[in-house]
Every structure is written in C-alpha cells, then in structure tokens.
$ cat my_file26.cif   # mmCIF, C-alpha atoms and all ligand atoms
data_upload
#
loop_
_atom_site.label_atom_id
_atom_site.label_comp_id
_atom_site.auth_asym_id
_atom_site.auth_seq_id
_atom_site.Cartn_x
_atom_site.Cartn_y
_atom_site.Cartn_z
CA MET T 26 122.27 115.11 88.56
CA ILE T 27 119.13 113.78 90.28
CA VAL T 28 117.81 110.29 89.48
CA LEU T 29 114.62 108.46 90.47
CA GLY T 30 115.13 104.73 91.11
CA ILE T 31 112.50 101.97 91.13
CA GLU T 32 112.89 98.43 92.51
CA THR T 33 110.22 95.72 92.04
CA SER T 34 112.16 92.53 91.29
CA CYS T 35 111.22 90.52 94.38
CA ASP T 36 109.08 91.21 97.46
CA GLU T 37 110.03 94.81 98.21
CA THR T 38 108.35 97.72 96.43
CA ALA T 39 110.82 100.58 96.54
CA ALA T 40 111.40 104.04 95.07
CA ALA T 41 114.23 106.46 95.83
CA VAL T 42 115.78 109.75 94.79
CA VAL T 43 119.60 109.92 94.75
CA ASP T 44 121.95 112.57 93.38
CA ASP T 45 125.48 112.49 92.00
CA THR T 46 126.95 113.89 95.24
CA ARG T 47 126.04 110.47 96.78
CA ARG T 48 123.19 111.97 98.72
CA ILE T 49 120.19 109.71 99.27
CA ARG T 50 117.38 112.22 99.28
CA SER T 51 114.65 109.65 99.92
CA ASN T 52 114.47 105.86 100.03
CA PRO T 53 111.07 104.48 101.10
CA VAL T 54 110.69 100.67 100.97
CA LEU T 55 107.44 98.71 101.33
CA SER T 56 107.96 95.10 102.39
CA GLN T 57 105.40 92.52 101.24
CA LEU T 58 106.45 90.09 103.97
CA ASP T 59 103.02 89.93 105.60
CA GLU T 60 101.35 89.13 102.26
CA HIS T 61 103.69 86.18 101.57
CA ARG T 62 104.15 84.81 105.10
CA PRO T 63 101.03 82.56 105.05
CA PHE T 64 102.57 80.76 102.04
CA GLY T 65 106.01 80.29 103.60
CA GLY T 66 107.76 82.08 100.73
CA VAL T 67 107.36 84.68 97.98
CA VAL T 68 104.40 84.05 95.64
CA PRO T 69 105.26 85.71 92.28
CA GLU T 70 101.66 86.54 91.32
CA ILE T 71 100.93 88.16 94.68
CA ALA T 72 104.22 90.08 94.46
CA ALA T 73 103.44 91.52 91.01
CA ARG T 74 99.93 92.60 92.00
CA SER T 75 101.17 94.20 95.18
CA HIS T 76 103.85 96.18 93.27
CA LEU T 77 101.11 97.38 90.91
CA ASP T 78 98.91 98.46 93.84
CA HIS T 79 101.59 100.44 95.66
CA LEU T 80 104.20 101.68 93.20
CA ASP T 81 102.61 104.93 92.01
CA SER T 82 101.89 106.25 95.50
CA LEU T 83 105.36 105.17 96.65
CA ILE T 84 107.02 107.12 93.82
CA LEU T 85 105.05 110.22 94.77
CA ARG T 86 106.14 109.69 98.38
CA ALA T 87 109.80 109.35 97.33
CA LEU T 88 109.61 112.60 95.34
CA ASP T 89 107.82 114.34 98.18
CA GLU T 90 110.33 113.23 100.83
CA ALA T 91 113.17 114.32 98.54
CA ASP T 92 111.42 117.65 97.99
CA VAL T 93 111.71 117.37 94.19
CA GLY T 94 109.19 117.19 91.34
CA PHE T 95 109.30 115.23 88.07
CA GLY T 96 110.70 118.38 86.45
CA ASP T 97 113.82 118.25 88.65
CA LEU T 98 114.82 114.75 87.54
CA ASP T 99 117.69 114.03 85.15
CA GLY T 100 116.79 110.38 84.61
CA VAL T 101 114.68 107.40 85.67
CA ALA T 102 116.21 104.02 86.53
CA ALA T 103 114.35 100.76 87.20
CA THR T 104 115.46 97.20 87.85
CA GLY T 105 115.28 95.50 84.45
CA GLY T 106 116.21 92.07 85.85
CA PRO T 107 117.09 89.53 87.06
CA GLY T 108 114.02 88.82 89.16
CA LEU T 109 110.40 87.72 89.22
CA ILE T 110 109.26 88.78 85.79
CA GLY T 111 105.79 90.07 86.72
CA GLY T 112 107.25 92.46 89.25
CA VAL T 113 110.08 93.57 86.96
CA PHE T 114 107.48 94.42 84.29
CA VAL T 115 105.59 96.67 86.71
CA GLY T 116 108.69 98.71 87.57
CA VAL T 117 110.06 98.88 84.03
CA MET T 118 106.73 99.98 82.51
CA MET T 119 106.35 102.68 85.16
CA ALA T 120 109.88 103.99 84.57
CA LYS T 121 109.40 104.00 80.79
CA ALA T 122 106.10 105.87 81.15
CA ILE T 123 107.72 108.58 83.29
CA ALA T 124 110.71 108.79 80.93
CA ALA T 125 108.46 109.09 77.86
CA ALA T 126 106.12 111.64 79.44
CA ARG T 127 108.95 113.81 80.77
CA ASP T 128 111.45 113.24 77.97
CA LEU T 129 114.02 111.80 80.39
CA PRO T 130 116.68 109.14 79.79
CA PHE T 131 115.68 105.65 80.99
CA VAL T 132 118.16 103.24 82.56
CA ALA T 133 117.37 99.51 82.83
CA VAL T 134 119.42 98.43 85.82
CA ASN T 135 120.84 94.98 86.42
CA HIS T 136 119.82 94.31 90.04
CA LEU T 137 123.12 92.54 90.73
CA GLU T 138 125.08 95.51 89.42
CA ALA T 139 123.10 97.72 91.79
CA HIS T 140 124.11 95.54 94.77
CA ALA T 141 127.68 95.62 93.45
CA LEU T 142 127.86 99.43 93.20
CA THR T 143 126.18 100.20 96.56
CA ALA T 144 129.52 100.51 98.38
CA ARG T 145 130.42 103.37 96.04
CA LEU T 146 127.25 105.17 97.09
CA THR T 147 127.70 104.53 100.83
CA ASP T 148 131.49 104.73 101.12
CA GLY T 149 132.66 106.30 97.90
CA ILE T 150 135.19 103.52 97.30
CA GLU T 151 137.20 103.30 94.09
CA PHE T 152 137.33 100.41 91.62
CA PRO T 153 138.43 97.64 91.75
CA TYR T 154 137.11 95.72 94.75
CA LEU T 155 135.86 92.27 95.60
CA LEU T 156 132.16 91.65 96.23
CA LEU T 157 130.53 88.83 98.17
CA LEU T 158 126.83 89.00 97.37
CA VAL T 159 124.77 86.82 99.70
CA SER T 160 120.99 87.12 99.55
CA GLY T 161 117.90 84.98 99.19
CA GLY T 162 118.26 84.77 95.43
CA HIS T 163 121.97 85.33 94.83
CA CYS T 164 125.24 83.99 96.08
CA GLN T 165 128.38 84.98 94.23
CA LEU T 166 131.91 86.33 94.43
CA VAL T 167 132.69 89.00 91.86
CA ALA T 168 135.59 91.31 91.11
CA VAL T 169 134.05 94.74 90.46
CA ASN T 170 136.45 96.38 87.98
CA GLY T 171 134.25 99.25 86.82
CA VAL T 172 130.70 100.10 85.77
CA GLY T 173 129.57 97.21 83.54
CA ASP T 174 132.93 95.48 84.04
CA TYR T 175 132.79 92.44 86.30
CA THR T 176 134.74 89.23 86.66
CA ARG T 177 132.69 86.43 88.20
CA TYR T 178 134.99 84.39 90.43
CA GLY T 179 132.32 81.93 91.53
CA GLY T 180 128.76 81.37 92.59
CA THR T 181 126.44 78.80 94.00
CA VAL T 182 125.95 75.63 92.00
CA ASP T 183 122.58 75.00 93.69
CA ASP T 184 120.85 77.02 96.45
CA ALA T 185 121.64 80.62 97.34
CA VAL T 186 122.85 80.97 100.91
CA GLY T 187 119.77 82.93 102.05
CA GLU T 188 117.62 80.21 100.51
CA ALA T 189 119.56 77.64 102.59
CA PHE T 190 118.86 79.70 105.72
CA ASP T 191 115.16 79.90 104.81
CA LYS T 192 114.88 76.16 104.10
CA THR T 193 116.75 75.28 107.29
CA ALA T 194 114.39 77.51 109.26
CA LYS T 195 111.45 75.62 107.76
CA LEU T 196 113.03 72.27 108.70
CA LEU T 197 113.45 73.55 112.26
CA ASP T 198 109.86 74.95 112.42
CA LEU T 199 111.15 78.51 112.79
CA GLY T 200 108.88 80.19 110.23
CA TYR T 201 109.54 82.69 107.43
CA PRO T 202 111.74 84.57 106.70
CA GLY T 203 114.22 82.11 108.08
CA GLY T 204 117.60 83.84 108.23
CA PRO T 205 116.94 86.11 111.21
CA ALA T 206 115.12 83.26 113.04
CA VAL T 207 118.01 80.82 112.56
CA GLU T 208 120.46 83.44 113.83
CA ARG T 209 118.28 84.20 116.85
CA VAL T 210 117.88 80.61 118.08
CA ALA T 211 121.49 79.74 117.19
CA ARG T 212 122.64 82.14 119.89
CA ASP T 213 121.67 79.57 122.56
CA GLY T 214 122.96 76.61 120.56
CA ASP T 215 126.10 74.48 120.47
CA PRO T 216 127.73 74.79 117.01
CA LEU T 217 129.77 71.64 117.66
CA ARG T 218 126.93 69.25 118.52
CA PHE T 219 126.06 68.22 114.95
CA ALA T 220 128.87 67.36 112.51
CA LEU T 221 127.33 68.84 109.36
CA PRO T 222 129.22 68.77 106.03
CA ARG T 223 131.26 71.73 104.73
CA PRO T 224 130.40 71.56 101.00
CA MET T 225 133.24 72.74 98.68
CA LEU T 226 135.61 73.41 101.60
CA GLY T 227 139.21 73.08 100.46
CA ARG T 228 138.32 72.71 96.78
CA PRO T 229 140.00 75.08 94.33
CA GLY T 230 138.01 78.05 93.02
CA CYS T 231 135.24 80.14 94.46
CA ASP T 232 132.02 78.18 93.87
CA PHE T 233 129.51 77.39 96.62
CA SER T 234 127.06 74.59 97.26
CA PHE T 235 124.43 74.56 99.99
CA SER T 236 121.82 71.96 99.09
CA GLY T 237 123.78 69.11 100.75
CA LEU T 238 123.98 71.09 103.96
CA LYS T 239 120.24 71.56 103.98
CA THR T 240 119.74 67.81 103.42
CA ALA T 241 122.13 67.07 106.27
CA VAL T 242 120.05 69.30 108.57
CA ARG T 243 116.94 67.33 107.61
CA GLN T 244 118.66 64.01 108.27
CA ALA T 245 120.04 65.20 111.60
CA ARG T 246 116.56 66.18 112.69
CA GLN T 247 115.07 62.89 111.53
CA GLY T 248 117.74 61.06 113.52
CA LEU T 249 116.53 62.55 116.79
CA ASP T 250 113.97 60.70 118.92
CA SER T 251 112.39 63.95 120.05
CA PHE T 252 112.86 67.56 118.97
CA ALA T 253 113.06 70.14 121.74
CA ALA T 254 114.00 73.85 121.63
CA GLN T 255 117.61 73.02 122.55
CA ASP T 256 117.85 70.61 119.61
CA ALA T 257 116.65 73.34 117.23
CA ALA T 258 119.15 75.78 118.75
CA ASP T 259 122.05 73.30 118.41
CA LEU T 260 121.12 72.43 114.82
CA ALA T 261 120.74 76.11 113.88
CA ALA T 262 124.12 76.92 115.44
CA SER T 263 125.80 73.96 113.72
CA PHE T 264 124.28 74.98 110.37
CA GLN T 265 125.32 78.61 110.75
CA GLN T 266 128.85 77.58 111.69
CA ALA T 267 129.11 75.35 108.60
CA VAL T 268 127.90 78.17 106.33
CA ALA T 269 130.36 80.64 107.86
CA GLU T 270 133.29 78.24 107.42
CA VAL T 271 132.39 77.56 103.79
CA LEU T 272 131.97 81.25 102.96
CA ALA T 273 135.27 82.03 104.70
CA ASP T 274 137.10 79.38 102.67
CA ARG T 275 135.62 80.63 99.37
CA CYS T 276 136.44 84.25 100.25
CA ARG T 277 140.07 83.32 101.04
CA HIS T 278 140.39 81.86 97.55
CA ALA T 279 138.77 84.93 96.01
CA LEU T 280 141.07 87.29 97.93
CA ASP T 281 144.11 85.31 96.74
CA ARG T 282 142.97 85.54 93.13
CA PHE T 283 142.07 89.22 93.45
CA GLN T 284 145.54 89.88 94.91
CA GLN T 285 147.18 88.16 91.96
CA GLU T 286 145.10 90.03 89.39
CA HIS T 287 145.04 93.48 90.99
CA GLY T 288 148.11 93.60 93.21
CA LYS T 289 146.00 94.29 96.32
CA ALA T 290 143.88 92.00 98.47
CA GLY T 291 140.69 93.98 98.77
CA PRO T 292 138.64 95.63 99.95
CA LEU T 293 136.01 92.93 100.34
CA VAL T 294 132.47 94.29 100.20
CA VAL T 295 129.68 92.10 101.54
CA ALA T 296 126.08 92.80 100.47
CA GLY T 297 122.68 91.11 100.49
CA GLY T 298 120.33 90.17 103.32
CA VAL T 299 122.58 87.44 104.72
CA ALA T 300 125.23 90.11 105.38
CA ALA T 301 123.11 90.96 108.44
CA ASN T 302 124.30 87.75 110.12
CA ARG T 303 126.70 88.52 112.98
CA THR T 304 128.48 85.16 112.95
CA LEU T 305 129.14 85.61 109.25
CA ARG T 306 130.39 89.16 109.68
CA ALA T 307 132.73 88.11 112.49
CA THR T 308 134.11 85.25 110.39
CA LEU T 309 134.66 87.52 107.38
CA SER T 310 136.45 90.06 109.58
CA GLU T 311 138.93 87.34 110.52
CA VAL T 312 139.36 86.34 106.88
CA VAL T 313 140.16 89.84 105.62
CA GLY T 314 142.43 90.38 108.64
CA GLY T 315 144.47 87.40 107.50
CA HIS T 316 144.81 88.99 104.05
CA ASP T 317 145.49 92.52 105.30
CA ALA T 318 142.39 93.74 103.49
CA ALA T 319 139.43 95.84 104.64
CA LEU T 320 135.90 94.52 105.06
CA LEU T 321 133.12 96.84 104.04
CA ALA T 322 129.45 96.18 104.76
CA PRO T 323 126.97 98.86 103.68
CA PRO T 324 124.37 99.71 106.35
CA LEU T 325 121.71 97.00 106.46
CA PRO T 326 118.83 98.91 104.80
CA LEU T 327 121.16 99.37 101.80
CA CYS T 328 122.41 95.74 101.91
CA THR T 329 118.91 94.37 101.40
CA ASP T 330 116.73 95.27 98.42
CA ASN T 331 116.07 98.99 98.03
CA ALA T 332 115.73 101.59 95.27
CA ALA T 333 118.58 103.89 96.36
CA MET T 334 121.00 101.37 94.86
CA ILE T 335 118.97 101.37 91.63
CA ALA T 336 118.93 105.17 91.44
CA TRP T 337 122.68 105.23 92.18
CA THR T 338 123.38 102.76 89.37
CA GLY T 339 121.35 105.12 87.18
CA VAL T 340 123.65 107.98 88.24
CA GLU T 341 126.79 105.90 87.52
CA ARG T 342 125.56 104.85 84.07
CA LEU T 343 124.16 108.24 83.03
CA ARG T 344 127.48 109.89 84.02
CA LEU T 345 129.13 107.62 81.45
CA GLY T 346 126.50 108.49 78.84
CA LEU T 347 124.82 105.09 79.13
CA SER T 348 121.03 104.76 78.90
CA ASP T 349 118.56 102.28 77.43
CA PRO T 350 115.93 102.45 74.67
CA LEU T 351 112.24 102.38 75.58
CA ASP T 352 111.83 99.01 73.88
CA PHE T 353 114.06 97.36 76.51
CA ALA T 354 112.52 93.97 77.41
CA PRO T 355 112.58 92.90 81.10
CA ARG T 356 114.99 90.02 81.75
CA PRO T 357 114.10 87.25 84.23
CA ARG T 358 117.73 86.13 83.98
CA TRP T 359 120.55 88.59 83.53
CA PRO T 360 124.02 87.50 84.64
CA LEU T 361 126.49 90.23 85.52
O1 LIG Z 1 118.84 90.76 100.03
P1 LIG Z 1 117.56 90.24 100.58
O2 LIG Z 1 116.75 91.12 101.50
O3 LIG Z 1 116.57 89.83 99.45
C1 LIG Z 1 116.95 89.11 98.32
O4 LIG Z 1 117.02 87.87 98.43
O5 LIG Z 1 117.22 89.75 97.26
O6 LIG Z 1 117.92 88.87 101.34
C2 LIG Z 1 116.95 88.11 101.99
C3 LIG Z 1 117.63 86.85 102.50
C4 LIG Z 1 116.63 85.84 103.05
O7 LIG Z 1 116.94 84.58 102.53
C5 LIG Z 1 116.86 85.91 104.55
O8 LIG Z 1 116.56 84.70 105.21
C6 LIG Z 1 118.33 86.25 104.63
O9 LIG Z 1 118.53 87.16 103.56
N1 LIG Z 1 118.69 86.86 105.91
C7 LIG Z 1 119.54 86.33 106.79
C8 LIG Z 1 119.56 87.21 107.91
N2 LIG Z 1 118.72 88.24 107.66
C9 LIG Z 1 118.19 88.02 106.41
N3 LIG Z 1 120.28 85.21 106.75
C10 LIG Z 1 121.05 84.94 107.82
N4 LIG Z 1 121.12 85.70 108.94
C11 LIG Z 1 120.39 86.84 109.03
N5 LIG Z 1 120.45 87.59 110.13
ZN ZN Z 2 118.73 91.85 95.91
#
$ encode --input "my_file26.cif" --output "structure tokens"
Amino acid sequence: MIVLGIETSCDETAAAVVDDTRRIRSNPVLSQLDEHRPFGGVVPEIAARSHLDHLDSLILRALDEADVGFGDLDGVAATGGPGLIGGVFVGVMMAKAIAAARDLPFVAVNHLEAHALTARLTDGIEFPYLLLLVSGGHCQLVAVNGVGDYTRYGGTVDDAVGEAFDKTAKLLDLGYPGGPAVERVARDGDPLRFALPRPMLGRPGCDFSFSGLKTAVRQARQGLDSFAAQDAADLAASFQQAVAEVLADRCRHALDRFQQEHGKAGPLVVAGGVAANRTLRATLSEVVGGHDAALLAPPLPLCTDNAAMIAWTGVERLRLGLSDPLDFAPRPRWPL
C-alpha cells in the first residue's frame, strides 16, 4: 500500500510518500520561516497563501523523489485539523481533488494523531505507549492505546511549551523562532541564578501551565538595572531548567498512571519541536530510568511537522478500512 500525505496546518508545506512496509519514499518539507520572521510569529493569512503557492509543485516533487505516479497510489491523506484553518483548507481541497480525479480513498488526518503514531513508523513499536507531545501549538500527555483510541492524561491549561519558549525568547531579545535560541544562549547560563516558579509541580494529575513562568521571566528582566548577554544567558538557563523540572514531574505522574492501567511503565515517546531540546531530553531520560521504562524520540525531522507522519496515519487508517467522505469539513479544533 502506497499513500500520499499532505501537511499544511501551520507554517510548513509538506508532502510525502510512505508505504505499509514503513518505508518513507519521499518527505520534502518547505519551511515558511523566512516569510513569517519579520512579524515575530506565524501570520495565518501569509501561511495559507504560501501553502497555495507551493503545494502543487511540492506534491509533484514528492512523487518524483519516490519514483511513483498518481496511478501507483492507494490513497491520499491530508491534515484535516487542528490547525490554522486557511492552510488546512488548502491541503484538504488538494487531497480531495486528487482522490476524486483518481478514484482513490481520502483520509482526513488528525494532526495530533499523526504525531502520536510517528513512533510506529520510525520504530515499529506496538500499542499501547505513552506520548508526550511538546510543540509550538500543543502540549499534552496521552496514552496511545490504538488507532483512534487515545486517553488524554493531561495538557496545558494555558500556553503550549514551545509557545513559552518563543515568548521567553522575545522577552530576552533572542528573535524568532525562540526555542533553539533559548537553548543556545542557555548553554553559557547559570540555571540557579533566577528562582523562577515551577507551575503545577507536585500537584496531582498531568496538566501543565506555562504562562506564569513566562510572566516571571518578564518580571525578572524588569528587576535588573541593566541587561547584558550574561543576564540573558542566566535567565534562559533558569527558564529552561524550570520547564524541564515541570515536564519531568508531569511525566512521572503519567508513567505511574500508565503503569496502573497497562501493567507496564512505558515506553514514553516524546514528539514535537521542543523534543529537540537537549536539557529536556536528558531530564526525560532520567525520569524513564527511574520508572524502568524506555524513552523513544523519533529523529528530529519526523518530530517536527512533516507529511510522512500524515501519510503513515493514512496507511494505518486505510489498513483498518477507515477513510473519509469528500464532504469532510476542515476542523480548526479537533481534540484527540
Ligand atoms: O513541532 P513544531 O516544529 O511545530 C509546531 O508547533 O507544530 O514545534 C515548533 C516549536 C517552536 O515553539 C519552537 O520554539 C520549539 O518547537 N523548539 C524548541 C527547540 N527547537 C524548536 N524549543 C526548545 N528547544 C529547542 N531546541
Ligand atoms: Zn505539529
């Protein structure tokens, strides 16, 4: 089975061809970073127009790199939500058009489900497992029981963790996107200099909160008489340390609950752009070690937004006989 996947829900235009032997035959991604950078964040209207400009040629490139034609496909999958609605429309309409013209099944993919199933594509792991999804738009802990079968253990009650990194970077004049910049300058910083809060630490459950942390960073900066490179480094390091400790605490709770419900403590899969952060990865390694569980992080290009994960979700759903009608309406919100 060979499936074409399309991803247009945020600021990456992506198309990919994946087959049911878990082979990624092609996976080109076009980042719109340069188009959004002058605005310090993603501008939905610019994103949608850019997807429209680039998607058709990118699909042809994906097919070409995979050495397949439309006639070789067994299905077309596109992100149907959640995401920026203008962009989702572009991808969904394209996928429906191809499906209609070629008489192929169409799969509307929940973007979060695609992140959740990526570890099955990259590592072939079996259900169930625990997922920590940490990106710019999402922050949640989910038990992945099967295709379409998820138990949400917790999520952020305000900002997503990537969003907190991006906002902190702005407060520290580090530019956009903020996560990699915060990590870079934090390397030379003292994580103990600023006593930032650890929101939710020690509370029962698996929810997160990051907006107070961001406010504390702002106040710490305002409290300084001057602001030199070392101050930015120390604040970035203190922020990153606080985030890591909070995520570790929430993951410990989730692993405990998963153990009770499934009789095993993991594995814990971490996905999303923030999974690139080395401090976070090191902290999570310690956490799973304490629970005798494995930590699995898909390679970075498959952790961040891409269409291979969309195509793979198409494979998983089509194998179960699941597809969607051509009157599917894109969903700006679509909880797992
Ligand atoms: O998954 P992703 O590429 O896009 C979505 O949000 O769906 O994640 C992007 C987020 C941004 O907020 C970015 O600042 C953050 O991931 N990020 C990082 C790092 N690299 C990217 N955060 C912390 N440390 C990093 N090294
Ligand atoms: Zn994503």
$ residues_near_ligand --input "my_file26.cif" --ligand "ligand LIG 1 (chain Z)" --cutoff "10 Å" --atoms "only C-alpha atoms and all ligand atoms" --output "PyMOL selection string"
chain T and resi 34-37+56+66+108+136-137+140+158-164+185-194+201-209+265+268+296-306+325-331
$ atom_distance --input "my_file26.cif" --atom1 "atom CA of T:Ala41" --atom2 "atom CA of T:Phe64"
28.9 Å
$ residues_around --input "my_file26.cif" --residues "T:Gly291" --least-positions-apart "4" --cutoff "9 Å" --atoms "all atoms listed in the file" --output "list in words"
Pro153, Tyr154, Leu155, Leu280, Phe283, Gln284, His287, Val313, His316, Asp317, Ala318, Ala319 and Leu320 of chain T
$ write_last_selection --input "my_file26.cif" --atoms "C-alpha atoms" --output "mmCIF file, keeping the file's coordinate frame"
data_model
loop_
_atom_site.group_PDB
_atom_site.id
_atom_site.type_symbol
_atom_site.label_atom_id
_atom_site.label_comp_id
_atom_site.auth_asym_id
_atom_site.auth_seq_id
_atom_site.Cartn_x
_atom_site.Cartn_y
_atom_site.Cartn_z
ATOM 1 C CA PRO T 153 138.430 97.640 91.750
ATOM 2 C CA TYR T 154 137.110 95.720 94.750
ATOM 3 C CA LEU T 155 135.860 92.270 95.600
ATOM 4 C CA LEU T 280 141.070 87.290 97.930
ATOM 5 C CA PHE T 283 142.070 89.220 93.450
ATOM 6 C CA GLN T 284 145.540 89.880 94.910
ATOM 7 C CA HIS T 287 145.040 93.480 90.990
ATOM 8 C CA VAL T 313 140.160 89.840 105.620
ATOM 9 C CA HIS T 316 144.810 88.990 104.050
ATOM 10 C CA ASP T 317 145.490 92.520 105.300
ATOM 11 C CA ALA T 318 142.390 93.740 103.490
ATOM 12 C CA ALA T 319 139.430 95.840 104.640
ATOM 13 C CA LEU T 320 135.900 94.520 105.060
#
$ atom_distance --input "my_file26.cif" --atom1 "atom CA of T:Met119" --atom2 "atom CA of T:Phe95"
13.2 Å
$ closest_residue --input "my_file26.cif" --among "T:Gln244, T:Val54, T:Glu32, T:Ile150" --to "ligand ZN 2 (chain Z)" --atoms "all atoms listed in the file"
T:Glu32
$ residues_around --input "my_file26.cif" --residues "T:Pro130" --least-positions-apart "2" --cutoff "10 Å" --atoms "only C-alpha atoms" --output "VMD selection string"
chain T and resid 28 98 to 102 120 to 121 123 to 125 127 to 128 132 339 343 346 to 351
$ closest_residue --input "my_file26.cif" --among "T:Ala133, T:Ala139, T:Val115, T:Leu260" --to "ligand ZN 2 (chain Z)" --atoms "only C-alpha atoms and all ligand atoms"
T:Ala139
$ atom_distance --input "my_file26.cif" --atom1 "atom CA of T:Leu345" --atom2 "atom CA of T:Asp45"
12.2 Å
$ closest_residue --input "my_file26.cif" --among "T:Leu83, T:Val169, T:Ala269, T:Leu109" --to "ligand ZN 2 (chain Z)" --atoms "all atoms listed in the file"
T:Leu109
$ closest_residue --input "my_file26.cif" --among "T:Leu361, T:Ala267, T:Met225, T:Leu197" --to "T:Val172" --atoms "only C-alpha atoms"
T:Leu361
$ closest_residue --input "my_file26.cif" --among "T:Arg50, T:Val93, T:Ala141, T:Gly227" --to "ligand ZN 2 (chain Z)" --atoms "only C-alpha atoms and all ligand atoms"
T:Ala141
$ closest_residue --input "my_file26.cif" --among "T:Leu293, T:Ala332, T:Ala261, T:Ile84" --to "ligand ZN 2 (chain Z)" --atoms "all atoms listed in the file"
T:Ala332
$ axis_aligned_box --input "my_file26.cif" --around "stretch 339-358 of chain T" --padding-each-side "6 Å" --output "JSON"
{"center_x": 120.5, "center_y": 98.0, "center_z": 81.1, "size_x": 29.3, "size_y": 35.8, "size_z": 26.4}
$ residues_around --input "my_file26.cif" --residues "T:Asp259" --least-positions-apart "3" --cutoff "7 Å" --atoms "only C-alpha atoms" --output "number ranges by chain"
T: 211, 214-216, 218, 255-256, 262-263
$ decode --input "my_file26.cif" --residues "stretch 229-253 of chain T" --atoms "N, CA and C atoms" --output "PDB file, in the first residue's frame"
ATOM      1  N   PRO T 229      -1.407  16.847  41.888  1.00  0.00           N
ATOM      2  CA  PRO T 229      -1.820  15.587  41.271  1.00  0.00           C
ATOM      3  C   PRO T 229      -2.159  15.785  39.791  1.00  0.00           C
ATOM      4  N   GLY T 230      -2.156  14.701  39.030  1.00  0.00           N
ATOM      5  CA  GLY T 230      -2.562  14.782  37.629  1.00  0.00           C
ATOM      6  C   GLY T 230      -1.424  15.114  36.699  1.00  0.00           C
ATOM      7  N   CYS T 231      -1.782  15.379  35.455  1.00  0.00           N
ATOM      8  CA  CYS T 231      -0.775  15.537  34.401  1.00  0.00           C
ATOM      9  C   CYS T 231      -0.955  16.828  33.606  1.00  0.00           C
ATOM     10  N   ASP T 232      -1.620  17.832  34.173  1.00  0.00           N
ATOM     11  CA  ASP T 232      -1.775  19.095  33.452  1.00  0.00           C
ATOM     12  C   ASP T 232      -0.525  19.957  33.576  1.00  0.00           C
ATOM     13  N   PHE T 233      -0.382  20.883  32.623  1.00  0.00           N
ATOM     14  CA  PHE T 233       0.742  21.821  32.601  1.00  0.00           C
ATOM     15  C   PHE T 233       0.213  23.240  32.641  1.00  0.00           C
ATOM     16  N   SER T 234       1.090  24.163  33.046  1.00  0.00           N
ATOM     17  CA  SER T 234       0.792  25.587  32.938  1.00  0.00           C
ATOM     18  C   SER T 234       2.109  26.311  32.730  1.00  0.00           C
ATOM     19  N   PHE T 235       2.168  27.198  31.758  1.00  0.00           N
ATOM     20  CA  PHE T 235       3.437  27.872  31.472  1.00  0.00           C
ATOM     21  C   PHE T 235       3.341  29.388  31.456  1.00  0.00           C
ATOM     22  N   SER T 236       2.105  29.939  31.527  1.00  0.00           N
ATOM     23  CA  SER T 236       2.021  31.391  31.360  1.00  0.00           C
ATOM     24  C   SER T 236       2.634  32.128  32.551  1.00  0.00           C
ATOM     25  N   GLY T 237       2.532  31.541  33.768  1.00  0.00           N
ATOM     26  CA  GLY T 237       3.122  32.184  34.944  1.00  0.00           C
ATOM     27  C   GLY T 237       4.639  32.234  34.862  1.00  0.00           C
ATOM     28  N   LEU T 238       5.194  31.214  34.268  1.00  0.00           N
ATOM     29  CA  LEU T 238       6.651  31.140  34.109  1.00  0.00           C
ATOM     30  C   LEU T 238       7.140  32.261  33.187  1.00  0.00           C
ATOM     31  N   LYS T 239       6.381  32.445  32.128  1.00  0.00           N
ATOM     32  CA  LYS T 239       6.720  33.498  31.161  1.00  0.00           C
ATOM     33  C   LYS T 239       6.643  34.875  31.840  1.00  0.00           C
ATOM     34  N   THR T 240       5.582  35.077  32.638  1.00  0.00           N
ATOM     35  CA  THR T 240       5.436  36.342  33.371  1.00  0.00           C
ATOM     36  C   THR T 240       6.595  36.542  34.337  1.00  0.00           C
ATOM     37  N   ALA T 241       7.013  35.453  34.990  1.00  0.00           N
ATOM     38  CA  ALA T 241       8.128  35.549  35.938  1.00  0.00           C
ATOM     39  C   ALA T 241       9.420  35.945  35.222  1.00  0.00           C
ATOM     40  N   VAL T 242       9.592  35.455  33.989  1.00  0.00           N
ATOM     41  CA  VAL T 242      10.780  35.843  33.211  1.00  0.00           C
ATOM     42  C   VAL T 242      10.732  37.353  32.934  1.00  0.00           C
ATOM     43  N   ARG T 243       9.550  37.847  32.575  1.00  0.00           N
ATOM     44  CA  ARG T 243       9.418  39.276  32.291  1.00  0.00           C
ATOM     45  C   ARG T 243       9.765  40.101  33.536  1.00  0.00           C
ATOM     46  N   GLN T 244       9.207  39.666  34.683  1.00  0.00           N
ATOM     47  CA  GLN T 244       9.454  40.415  35.918  1.00  0.00           C
ATOM     48  C   GLN T 244      10.928  40.368  36.316  1.00  0.00           C
ATOM     49  N   ALA T 245      11.547  39.210  36.121  1.00  0.00           N
ATOM     50  CA  ALA T 245      12.969  39.089  36.470  1.00  0.00           C
ATOM     51  C   ALA T 245      13.799  40.047  35.619  1.00  0.00           C
ATOM     52  N   ARG T 246      13.436  40.152  34.355  1.00  0.00           N
ATOM     53  CA  ARG T 246      14.184  41.062  33.487  1.00  0.00           C
ATOM     54  C   ARG T 246      13.963  42.516  33.915  1.00  0.00           C
ATOM     55  N   GLN T 247      12.699  42.831  34.204  1.00  0.00           N
ATOM     56  CA  GLN T 247      12.394  44.213  34.609  1.00  0.00           C
ATOM     57  C   GLN T 247      13.096  44.590  35.907  1.00  0.00           C
ATOM     58  N   GLY T 248      13.386  43.586  36.735  1.00  0.00           N
ATOM     59  CA  GLY T 248      14.027  43.847  38.017  1.00  0.00           C
ATOM     60  C   GLY T 248      15.525  44.117  37.917  1.00  0.00           C
ATOM     61  N   LEU T 249      16.056  43.939  36.713  1.00  0.00           N
ATOM     62  CA  LEU T 249      17.504  44.161  36.545  1.00  0.00           C
ATOM     63  C   LEU T 249      17.774  45.610  36.144  1.00  0.00           C
ATOM     64  N   ASP T 250      18.852  46.181  36.681  1.00  0.00           N
ATOM     65  CA  ASP T 250      19.204  47.561  36.333  1.00  0.00           C
ATOM     66  C   ASP T 250      19.692  47.655  34.892  1.00  0.00           C
ATOM     67  N   SER T 251      20.472  46.670  34.481  1.00  0.00           N
ATOM     68  CA  SER T 251      20.919  46.628  33.085  1.00  0.00           C
ATOM     69  C   SER T 251      20.712  45.199  32.596  1.00  0.00           C
ATOM     70  N   PHE T 252      20.828  44.995  31.287  1.00  0.00           N
ATOM     71  CA  PHE T 252      20.563  43.664  30.743  1.00  0.00           C
ATOM     72  C   PHE T 252      21.673  43.291  29.765  1.00  0.00           C
ATOM     73  N   ALA T 253      22.636  42.529  30.252  1.00  0.00           N
ATOM     74  CA  ALA T 253      23.779  42.145  29.424  1.00  0.00           C
ATOM     75  C   ALA T 253      23.599  40.714  28.924  1.00  0.00           C
TER      76      ALA T 253
END
